[in-house]
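Text of the file my_file_32.cif, holding mmCIF, C-alpha atoms and all ligand atoms:
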data_model
loop_
_atom_site.group_PDB
_atom_site.id
_atom_site.type_symbol
_atom_site.label_atom_id
_atom_site.label_comp_id
_atom_site.auth_asym_id
_atom_site.auth_seq_id
_atom_site.Cartn_x
_atom_site.Cartn_y
_atom_site.Cartn_z
ATOM 1 C CA MET A 1 61.572 65.457 97.671
ATOM 2 C CA HIS A 2 65.155 66.088 98.727
ATOM 3 C CA SER A 3 67.083 68.346 96.398
ATOM 4 C CA VAL A 4 70.350 70.207 96.130
ATOM 5 C CA GLY A 5 71.367 72.736 93.493
ATOM 6 C CA THR A 6 73.429 71.397 90.607
ATOM 7 C CA THR A 7 75.808 74.338 91.083
ATOM 8 C CA TYR A 8 77.142 72.594 94.232
ATOM 9 C CA THR A 9 77.711 69.196 92.665
ATOM 10 C CA ARG A 10 79.217 70.734 89.516
ATOM 11 C CA ALA A 11 81.584 72.855 91.587
ATOM 12 C CA ILE A 12 82.887 69.730 93.327
ATOM 13 C CA GLN A 13 83.224 67.885 90.017
ATOM 14 C CA GLN A 14 85.015 70.803 88.343
ATOM 15 C CA VAL A 15 87.896 70.578 90.786
ATOM 16 C CA GLY A 16 88.203 66.794 90.713
ATOM 17 C CA GLY A 17 85.941 65.689 93.565
ATOM 18 C CA THR A 18 83.125 63.149 93.482
ATOM 19 C CA PRO A 19 79.941 64.615 94.968
ATOM 20 C CA LEU A 20 77.601 62.478 97.040
ATOM 21 C CA ILE A 21 74.322 63.906 98.297
ATOM 22 C CA ILE A 22 73.304 63.061 101.864
ATOM 23 C CA PRO A 23 69.559 63.316 102.505
ATOM 24 C CA PRO A 24 68.874 64.772 105.963
ATOM 25 C CA VAL A 25 66.889 61.800 107.223
ATOM 26 C CA THR A 26 69.443 59.796 109.165
ATOM 27 C CA GLN A 27 69.264 60.025 112.926
ATOM 28 C CA CYS A 28 72.298 61.433 114.733
ATOM 29 C CA ASP A 29 73.320 58.000 116.039
ATOM 30 C CA ASP A 30 73.852 56.787 112.499
ATOM 31 C CA TRP A 31 76.351 59.441 111.377
ATOM 32 C CA PRO A 32 79.749 57.991 112.358
ATOM 33 C CA GLY A 33 79.412 54.907 110.141
ATOM 34 C CA LEU A 34 78.636 57.043 107.115
ATOM 35 C CA LEU A 35 81.215 59.716 107.843
ATOM 36 C CA ALA A 36 84.060 57.192 107.871
ATOM 37 C CA HIS A 37 83.551 56.853 104.092
ATOM 38 C CA LEU A 38 83.688 60.580 103.324
ATOM 39 C CA ASP A 39 86.771 62.745 102.700
ATOM 40 C CA GLY A 40 85.111 66.149 102.895
ATOM 41 C CA LEU A 41 81.781 67.683 103.820
ATOM 42 C CA LEU A 42 80.060 70.608 102.108
ATOM 43 C CA LEU A 43 77.024 72.061 103.844
ATOM 44 C CA SER A 44 74.740 73.738 101.321
ATOM 45 C CA GLY A 45 72.321 76.648 101.486
ATOM 46 C CA GLY A 46 68.663 76.431 102.423
ATOM 47 C CA GLU A 47 65.983 77.652 104.772
ATOM 48 C CA ASP A 48 66.362 79.331 108.158
ATOM 49 C CA ILE A 49 67.410 77.384 111.250
ATOM 50 C CA ASP A 50 64.882 77.161 114.075
ATOM 51 C CA PRO A 51 66.078 79.837 116.561
ATOM 52 C CA ASN A 52 65.414 77.380 119.412
ATOM 53 C CA HIS A 53 68.733 75.813 118.421
ATOM 54 C CA TYR A 54 70.511 79.022 119.455
ATOM 55 C CA GLY A 55 68.438 79.893 122.462
ATOM 56 C CA GLN A 56 66.060 82.415 120.909
ATOM 57 C CA GLU A 57 62.323 82.563 120.377
ATOM 58 C CA LEU A 58 61.045 82.299 116.829
ATOM 59 C CA GLU A 59 60.584 85.891 115.646
ATOM 60 C CA PRO A 60 57.960 86.550 112.945
ATOM 61 C CA TRP A 61 60.595 87.416 110.338
ATOM 62 C CA THR A 62 62.350 84.066 110.528
ATOM 63 C CA GLY A 63 61.231 82.162 107.443
ATOM 64 C CA ARG A 64 60.164 78.564 106.993
ATOM 65 C CA VAL A 65 62.159 76.110 109.107
ATOM 66 C CA ASP A 66 62.792 72.393 108.527
ATOM 67 C CA GLU A 67 63.045 70.546 111.821
ATOM 68 C CA GLU A 68 64.335 67.330 110.308
ATOM 69 C CA ARG A 69 67.093 69.098 108.390
ATOM 70 C CA ASP A 70 68.097 71.141 111.457
ATOM 71 C CA TYR A 71 68.522 68.054 113.624
ATOM 72 C CA ALA A 72 70.238 66.081 110.876
ATOM 73 C CA GLU A 73 72.786 68.787 110.013
ATOM 74 C CA LEU A 74 73.541 69.731 113.618
ATOM 75 C CA GLY A 75 74.050 66.045 114.464
ATOM 76 C CA LEU A 76 76.117 65.504 111.341
ATOM 77 C CA LEU A 77 78.359 68.461 112.146
ATOM 78 C CA ARG A 78 78.908 67.470 115.755
ATOM 79 C CA ALA A 79 80.080 64.073 114.541
ATOM 80 C CA TRP A 80 82.129 65.529 111.669
ATOM 81 C CA LEU A 81 84.059 68.350 113.331
ATOM 82 C CA PRO A 82 86.045 66.166 115.794
ATOM 83 C CA LEU A 83 87.277 64.062 112.853
ATOM 84 C CA GLY A 84 89.274 67.046 111.547
ATOM 85 C CA LYS A 85 88.273 66.320 107.952
ATOM 86 C CA PRO A 86 87.672 69.272 105.596
ATOM 87 C CA LEU A 87 84.474 71.249 105.909
ATOM 88 C CA LEU A 88 83.205 73.876 103.497
ATOM 89 C CA ALA A 89 80.006 75.530 104.655
ATOM 90 C CA ILE A 90 77.892 77.799 102.467
ATOM 91 C CA CYS A 91 75.056 80.206 103.373
ATOM 92 C CA ARG A 92 72.685 78.177 105.598
ATOM 93 C CA GLY A 93 75.616 75.776 106.127
ATOM 94 C CA HIS A 94 77.719 78.696 107.357
ATOM 95 C CA GLN A 95 74.994 79.526 109.866
ATOM 96 C CA VAL A 96 74.590 75.873 110.920
ATOM 97 C CA VAL A 97 78.312 75.649 111.751
ATOM 98 C CA ASN A 98 78.030 78.675 114.010
ATOM 99 C CA VAL A 99 74.930 77.338 115.747
ATOM 100 C CA ALA A 100 76.487 73.876 116.188
ATOM 101 C CA LEU A 101 79.345 75.565 118.059
ATOM 102 C CA GLY A 102 77.051 77.550 120.353
ATOM 103 C CA GLY A 103 76.887 80.821 118.410
ATOM 104 C CA THR A 104 73.828 82.865 117.532
ATOM 105 C CA LEU A 105 72.263 84.309 114.393
ATOM 106 C CA LEU A 106 70.679 87.598 113.506
ATOM 107 C CA GLN A 107 67.104 86.525 112.679
ATOM 108 C CA ASP A 108 66.595 89.297 110.147
ATOM 109 C CA ILE A 109 69.246 91.782 109.042
ATOM 110 C CA THR A 110 67.003 94.653 107.932
ATOM 111 C CA THR A 111 64.660 94.415 110.934
ATOM 112 C CA ARG A 112 67.590 94.829 113.309
ATOM 113 C CA PHE A 113 69.771 97.052 111.125
ATOM 114 C CA PRO A 114 67.556 99.102 108.772
ATOM 115 C CA ASP A 115 70.594 100.861 107.305
ATOM 116 C CA ALA A 116 72.341 97.627 106.330
ATOM 117 C CA LEU A 117 72.845 96.715 102.695
ATOM 118 C CA ASP A 118 70.160 94.637 101.011
ATOM 119 C CA HIS A 119 71.620 91.112 101.405
ATOM 120 C CA ALA A 120 68.475 89.181 100.526
ATOM 121 C CA TYR A 121 67.811 87.294 97.328
ATOM 122 C CA THR A 122 65.522 88.905 94.805
ATOM 123 C CA PRO A 123 64.625 87.432 91.400
ATOM 124 C CA ALA A 124 65.935 90.608 89.793
ATOM 125 C CA ARG A 125 69.418 89.737 91.077
ATOM 126 C CA PRO A 126 70.505 86.372 89.692
ATOM 127 C CA MET A 127 72.814 84.346 91.929
ATOM 128 C CA GLU A 128 75.797 84.841 89.623
ATOM 129 C CA ARG A 129 75.594 88.622 90.017
ATOM 130 C CA ASP A 130 77.838 90.520 92.454
ATOM 131 C CA VAL A 131 75.823 92.348 95.131
ATOM 132 C CA HIS A 132 78.378 93.726 97.574
ATOM 133 C CA THR A 133 82.042 93.488 98.450
ATOM 134 C CA VAL A 134 83.655 91.651 101.353
ATOM 135 C CA ASP A 135 86.864 92.456 103.185
ATOM 136 C CA LEU A 136 88.804 89.448 104.416
ATOM 137 C CA VAL A 137 91.116 89.301 107.422
ATOM 138 C CA ASP A 138 94.678 89.358 106.132
ATOM 139 C CA GLY A 139 96.382 86.070 106.958
ATOM 140 C CA SER A 140 93.134 84.119 107.295
ATOM 141 C CA ARG A 141 92.909 80.745 105.596
ATOM 142 C CA LEU A 142 90.239 82.134 103.293
ATOM 143 C CA ALA A 143 92.410 85.085 102.227
ATOM 144 C CA ARG A 144 95.340 82.745 101.536
ATOM 145 C CA VAL A 145 93.173 80.335 99.548
ATOM 146 C CA LEU A 146 91.565 83.092 97.456
ATOM 147 C CA GLY A 147 94.784 85.073 97.118
ATOM 148 C CA GLY A 148 93.403 88.441 98.244
ATOM 149 C CA THR A 149 91.444 90.338 100.862
ATOM 150 C CA HIS A 150 88.813 92.218 98.853
ATOM 151 C CA PHE A 151 86.218 90.529 96.649
ATOM 152 C CA ALA A 152 82.833 91.219 95.115
ATOM 153 C CA VAL A 153 80.328 88.494 96.009
ATOM 154 C CA ASN A 154 76.689 87.597 95.533
ATOM 155 C CA SER A 155 74.241 87.747 98.431
ATOM 156 C CA ALA A 156 71.083 85.720 99.059
ATOM 157 C CA HIS A 157 70.500 85.755 102.803
ATOM 158 C CA HIS A 158 68.325 87.704 105.225
ATOM 159 C CA GLN A 159 69.988 86.265 108.340
ATOM 160 C CA ALA A 160 73.645 86.370 109.412
ATOM 161 C CA VAL A 161 76.038 85.155 112.076
ATOM 162 C CA MET A 162 75.706 87.370 115.163
ATOM 163 C CA GLU A 163 77.801 86.055 118.086
ATOM 164 C CA PRO A 164 80.454 83.624 116.866
ATOM 165 C CA GLY A 165 80.397 80.147 118.391
ATOM 166 C CA HIS A 166 83.172 78.478 120.371
ATOM 167 C CA GLY A 167 86.433 78.590 118.411
ATOM 168 C CA VAL A 168 84.825 80.440 115.501
ATOM 169 C CA SER A 169 86.821 83.374 114.060
ATOM 170 C CA ILE A 170 85.255 86.088 111.922
ATOM 171 C CA VAL A 171 87.324 86.369 108.730
ATOM 172 C CA ALA A 172 85.171 88.518 106.425
ATOM 173 C CA ARG A 173 82.631 91.302 106.659
ATOM 174 C CA ALA A 174 80.497 93.248 104.191
ATOM 175 C CA PRO A 175 80.935 97.066 104.123
ATOM 176 C CA ASP A 176 77.969 97.380 106.536
ATOM 177 C CA GLY A 177 79.710 95.175 109.097
ATOM 178 C CA ILE A 178 77.581 92.063 108.515
ATOM 179 C CA ILE A 179 79.652 88.916 109.071
ATOM 180 C CA GLU A 180 80.248 87.144 105.749
ATOM 181 C CA ALA A 181 82.783 84.390 106.538
ATOM 182 C CA THR A 182 84.180 82.472 109.493
ATOM 183 C CA GLU A 183 86.805 79.817 110.148
ATOM 184 C CA ILE A 184 87.676 77.458 112.956
ATOM 185 C CA ALA A 185 91.319 78.261 113.638
ATOM 186 C CA GLU A 186 91.978 74.992 115.488
ATOM 187 C CA HIS A 187 90.512 72.912 112.667
ATOM 188 C CA PRO A 188 92.740 71.699 109.777
ATOM 189 C CA PHE A 189 90.283 72.990 107.137
ATOM 190 C CA CYS A 190 86.999 74.617 108.041
ATOM 191 C CA ILE A 191 85.899 77.565 105.914
ATOM 192 C CA SER A 192 82.420 78.957 106.145
ATOM 193 C CA VAL A 193 81.006 81.628 103.826
ATOM 194 C CA GLN A 194 77.706 83.489 103.768
ATOM 195 C CA TRP A 195 77.776 84.105 100.004
ATOM 196 C CA HIS A 196 77.319 81.465 97.304
ATOM 197 C CA PRO A 197 80.715 80.720 95.700
ATOM 198 C CA GLU A 198 79.241 77.755 93.787
ATOM 199 C CA ALA A 199 76.842 80.069 91.914
ATOM 200 C CA MET A 200 79.637 82.545 91.097
ATOM 201 C CA LEU A 201 81.474 79.822 89.143
ATOM 202 C CA LYS A 202 78.966 80.304 86.311
ATOM 203 C CA THR A 203 80.531 83.606 85.337
ATOM 204 C CA SER A 204 83.866 83.857 87.139
ATOM 205 C CA ASP A 205 86.826 81.816 88.339
ATOM 206 C CA THR A 206 87.329 83.990 91.443
ATOM 207 C CA MET A 207 85.917 81.366 93.812
ATOM 208 C CA ARG A 208 87.301 78.310 92.049
ATOM 209 C CA PRO A 209 90.389 78.194 94.367
ATOM 210 C CA LEU A 210 88.060 77.766 97.349
ATOM 211 C CA PHE A 211 86.652 74.524 95.930
ATOM 212 C CA ALA A 212 90.091 73.434 94.713
ATOM 213 C CA ALA A 213 91.576 73.937 98.188
ATOM 214 C CA PHE A 214 88.673 72.037 99.745
ATOM 215 C CA ILE A 215 89.201 69.049 97.441
ATOM 216 C CA ASP A 216 92.994 69.230 97.883
ATOM 217 C CA ALA A 217 92.495 69.079 101.641
ATOM 218 C CA ALA A 218 90.078 66.170 101.236
ATOM 219 C CA ARG A 219 92.599 64.332 99.105
HETATM 220 MN MN MN A 301 75.690 89.332 102.012
#
Could you rewrite the structure in this file as structure tokens?
Ligand code: MN
Amino acid sequence: MHSVGTTYTRAIQQVGGTPLIIPPVTQCDDWPGLLAHLDGLLLSGGEDIDPNHYGQELEPWTGRVDEERDYAELGLLRAWLPLGKPLLAICRGHQVVNVALGGTLLQDITTRFPDALDHAYTPARPMERDVHTVDLVDGSRLARVLGGTHFAVNSAHHQAVMEPGHGVSIVARAPDGIIEATEIAEHPFCISVQWHPEAMLKTSDTMRPLFAAFIDAAR
């Protein structure tokens, strides 16, 4: 079964876009023909990326990996980015963008930084609940789109961007220093966030401008 949360597709619909779901089965060679028909790409959340893709050994605390999805999304991104069409990347998607551009990930936040905040998902903390704040770089695309530099966000990740990839700028951090958002400055519209803005839409309009800006750019 391939599945994607309805929060993603509803977020796109809410701001006037038409969501299409791409199953990660197509081989890399097949991407350009499909991508010509798309106006924007949203990479959704999911499982951990195999650390082999960023030059590290699989450490025991990396969770389940999906080889097919890794290859599909990395291939998809490498075909998509040169087109200059809008990209919004969320959680796993945010990490995939960094890996596609040669960056690395922190395989487990608390193993490496025991004093860090608890960023991981727990059933006691529903996705629409704020978990920590983020501070955005003033003047970043994300700060302009959201109209501010300090926001409360949810958190459902145990990994994070470590070394940014080629052309990747860090534009938000949690209070413990963990990287929470990146952008590609040279790209017309590439915003990448570690939190789940689509889930926040259930209870707040704070993140709605992010989806609206994405669809505006796609249009
Ligand atoms: Mn977090």
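Near ligand MN 301 (chain A), the residues found within 8 Å are Leu117, Asp118, His119, Ala120, Val131, His132, Val153, Asn154, Ser155, Ala156, His157, Ala174, Ile178, Glu180, Gln194 and Trp195 of chain A (criterion computed using only C-alpha atoms and all ligand atoms).
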Check which residues satisfy the PyMOL selection byres (((chain A and resi 65) around 10) and not hetatm) in the file shown, then give them as a PDB file with C-alpha atoms, in the frame of the given file.
ATOM      1  CA  GLY A  46      68.663  76.431 102.423  1.00  0.00           C
ATOM      2  CA  GLU A  47      65.983  77.652 104.772  1.00  0.00           C
ATOM      3  CA  ASP A  48      66.362  79.331 108.158  1.00  0.00           C
ATOM      4  CA  ILE A  49      67.410  77.384 111.250  1.00  0.00           C
ATOM      5  CA  ASP A  50      64.882  77.161 114.075  1.00  0.00           C
ATOM      6  CA  PRO A  51      66.078  79.837 116.561  1.00  0.00           C
ATOM      7  CA  LEU A  58      61.045  82.299 116.829  1.00  0.00           C
ATOM      8  CA  THR A  62      62.350  84.066 110.528  1.00  0.00           C
ATOM      9  CA  GLY A  63      61.231  82.162 107.443  1.00  0.00           C
ATOM     10  CA  ARG A  64      60.164  78.564 106.993  1.00  0.00           C
ATOM     11  CA  ASP A  66      62.792  72.393 108.527  1.00  0.00           C
ATOM     12  CA  GLU A  67      63.045  70.546 111.821  1.00  0.00           C
ATOM     13  CA  GLU A  68      64.335  67.330 110.308  1.00  0.00           C
ATOM     14  CA  ARG A  69      67.093  69.098 108.390  1.00  0.00           C
ATOM     15  CA  ASP A  70      68.097  71.141 111.457  1.00  0.00           C
TER      16      ASP A  70
END
For this session: Name the closest residue to Gln159 in chain A among the candidates A:Leu201, A:Ile109, A:Ile184, A:Ala143; distances are taken between atoms, counting all atoms listed in the file.
Result: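 Smallest distance to Gln159 in chain A is found for A:Ile109.
The residue that comes closest to Gly75 in chain A, out of A:Thr26, A:Thr18, A:Ser192, A:Ser3 and on the basis of only C-alpha atoms, is A:Thr26.
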Exercise. From the list A:Gly5, A:Met127, A:Leu83, A:Gly40, which residue is nearest Pro197 in chain A when using all atoms listed in the file?
Worked result: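 So, comparing all the options, the nearest one is A:Met127.
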Problem set entry | Option closest in space to Ala217 in chain A, from A:Val15, A:Leu101, A:Asp205, A:Met1 [counting only C-alpha atoms] | A:Val15
